[in-house]
Amino acid sequence: MERQKLRVLSYNIHKGFTTGNRGFVLKRMREAIHSVQADLVFLQEVLGQHSGHQKKYEDWPDVPQFEYLSDQLWPHFAYGRNAVYTSGHHGNAILSKYPFSFWENIDVSTNRLERRGLLHGVIEIPHRKKPVHAICVHLGLLETERQTQVKNLCERIDRMVPHDEPLIIGGDFNDWRIRLTRPLHNKVEVKEAFKEMYGDHARTFPSWLPALKLDRIYYRGMKIQDARTLTGRPWNQLSDHVALYSELLV
């Protein structure tokens, strides 16, 4: 059977705000994300609800941010609520052109102040016998925290992802010291898209002058065809993170 191209986008949207929360730009983010025409979109820092912002901004959407961003292009979506506070909640989301047969959000928080989760979706690709497993992550700020979260991620993959089924892990790993790629490769045999294409991880933060290599797209059971950072306008005027794009053959 001929391989099928799967276009993947990973983006920390910073809750729809520019750097320093100076401007609310969710509408422009939606236009930028839609222009990529990805099949799967991994989103981090997505607001499911925020009553304070809803009162403050006239163009605040009437639906959760993940639903607003999906619009008519991605009819299928999953949202993992991680951080809950008085005014609302935020977490990770996966937007998909293809249906989910299953999804679950797994709490991997290591303390009460910083809530983190792994959003695991199983996606049915037309004319493919095996589903694609998609895991959206946003790991903690402390290295010890990230190590524990990656251990939980690997255990989840070992337990829930058959080795003959394709796997994509996308998100903000906060791994500026590049300590996680080797254990992920050794334990669950994933490769990182940009490292495979160019020999190094992509610089993704801050968006106006990317220096830190925080965001990643890992994969297993697929072939990498393309990997790009989405820089320049409008991307450098939106979130504080650069968006990542990859094309995988499944």
# chains A, B, ... in the order shown; residues from 1 in each chain; ligands from 1

$ residues_around --residues "region 170-183 of chain A" --least-positions-apart "2" --cutoff "6 Å" --atoms "only C-alpha atoms" --output "list in words"
Ser10, Cys136, Val137, His138, Leu139, His185, Asn186, Lys187, Leu212, Lys213, Leu214, Asp215, Arg216 and Ile217 of chain A

$ residues_around --residues "Glu145 (chain A)" --least-positions-apart "2" --cutoff "12 Å" --atoms "only C-alpha atoms" --output "JSON, numbers by chain"
{"A": [108, 109, 110, 111, 114, 115, 116, 138, 139, 140, 141, 142, 143, 147, 148, 149, 150, 151, 152, 173, 174, 175, 180]}

$ write_last_selection --atoms "C-alpha atoms" --output "tab-separated table (two decimals), in the first residue's frame"
chain	number	residue	atom	x	y	z
A	108	VAL	CA	1.27	13.95	35.11
A	109	SER	CA	1.50	16.86	37.56
A	110	THR	CA	4.26	16.62	40.15
A	111	ASN	CA	3.02	19.45	42.38
A	114	GLU	CA	1.86	23.54	38.15
A	115	ARG	CA	-0.69	21.20	36.57
A	116	ARG	CA	0.44	19.18	33.53
A	138	HIS	CA	3.39	20.41	27.72
A	139	LEU	CA	6.02	19.48	30.27
A	140	GLY	CA	7.07	21.27	33.45
A	141	LEU	CA	9.61	24.02	34.01
A	142	LEU	CA	11.88	22.02	36.35
A	143	GLU	CA	14.22	19.34	35.00
A	147	GLN	CA	12.18	13.59	33.92
A	148	THR	CA	9.28	12.21	35.95
A	149	GLN	CA	6.78	13.27	33.27
A	150	VAL	CA	8.80	11.63	30.49
A	151	LYS	CA	8.96	8.45	32.57
A	152	ASN	CA	5.15	8.54	32.81
A	173	PHE	CA	8.84	20.01	26.20
A	174	ASN	CA	10.52	22.97	27.99
A	175	ASP	CA	13.73	20.97	27.50
A	180	LEU	CA	14.92	14.22	26.89

$ atom_distance --atom1 "CA of Ser101 (chain A)" --atom2 "CA of Glu124 (chain A)"
6.6 Å

$ residues_around --residues "His90 (chain A)" --least-positions-apart "4" --cutoff "7 Å" --atoms "only C-alpha atoms" --output "ChimeraX atom specification"
/A:45-48,81-84

$ select_by_dssp --residues "region 38-236 of chain A" --states "alpha helix (DSSP H)" --output "VMD selection string"
chain A and resid 51 to 56 65 to 70 143 to 160 181 to 188 193 to 198
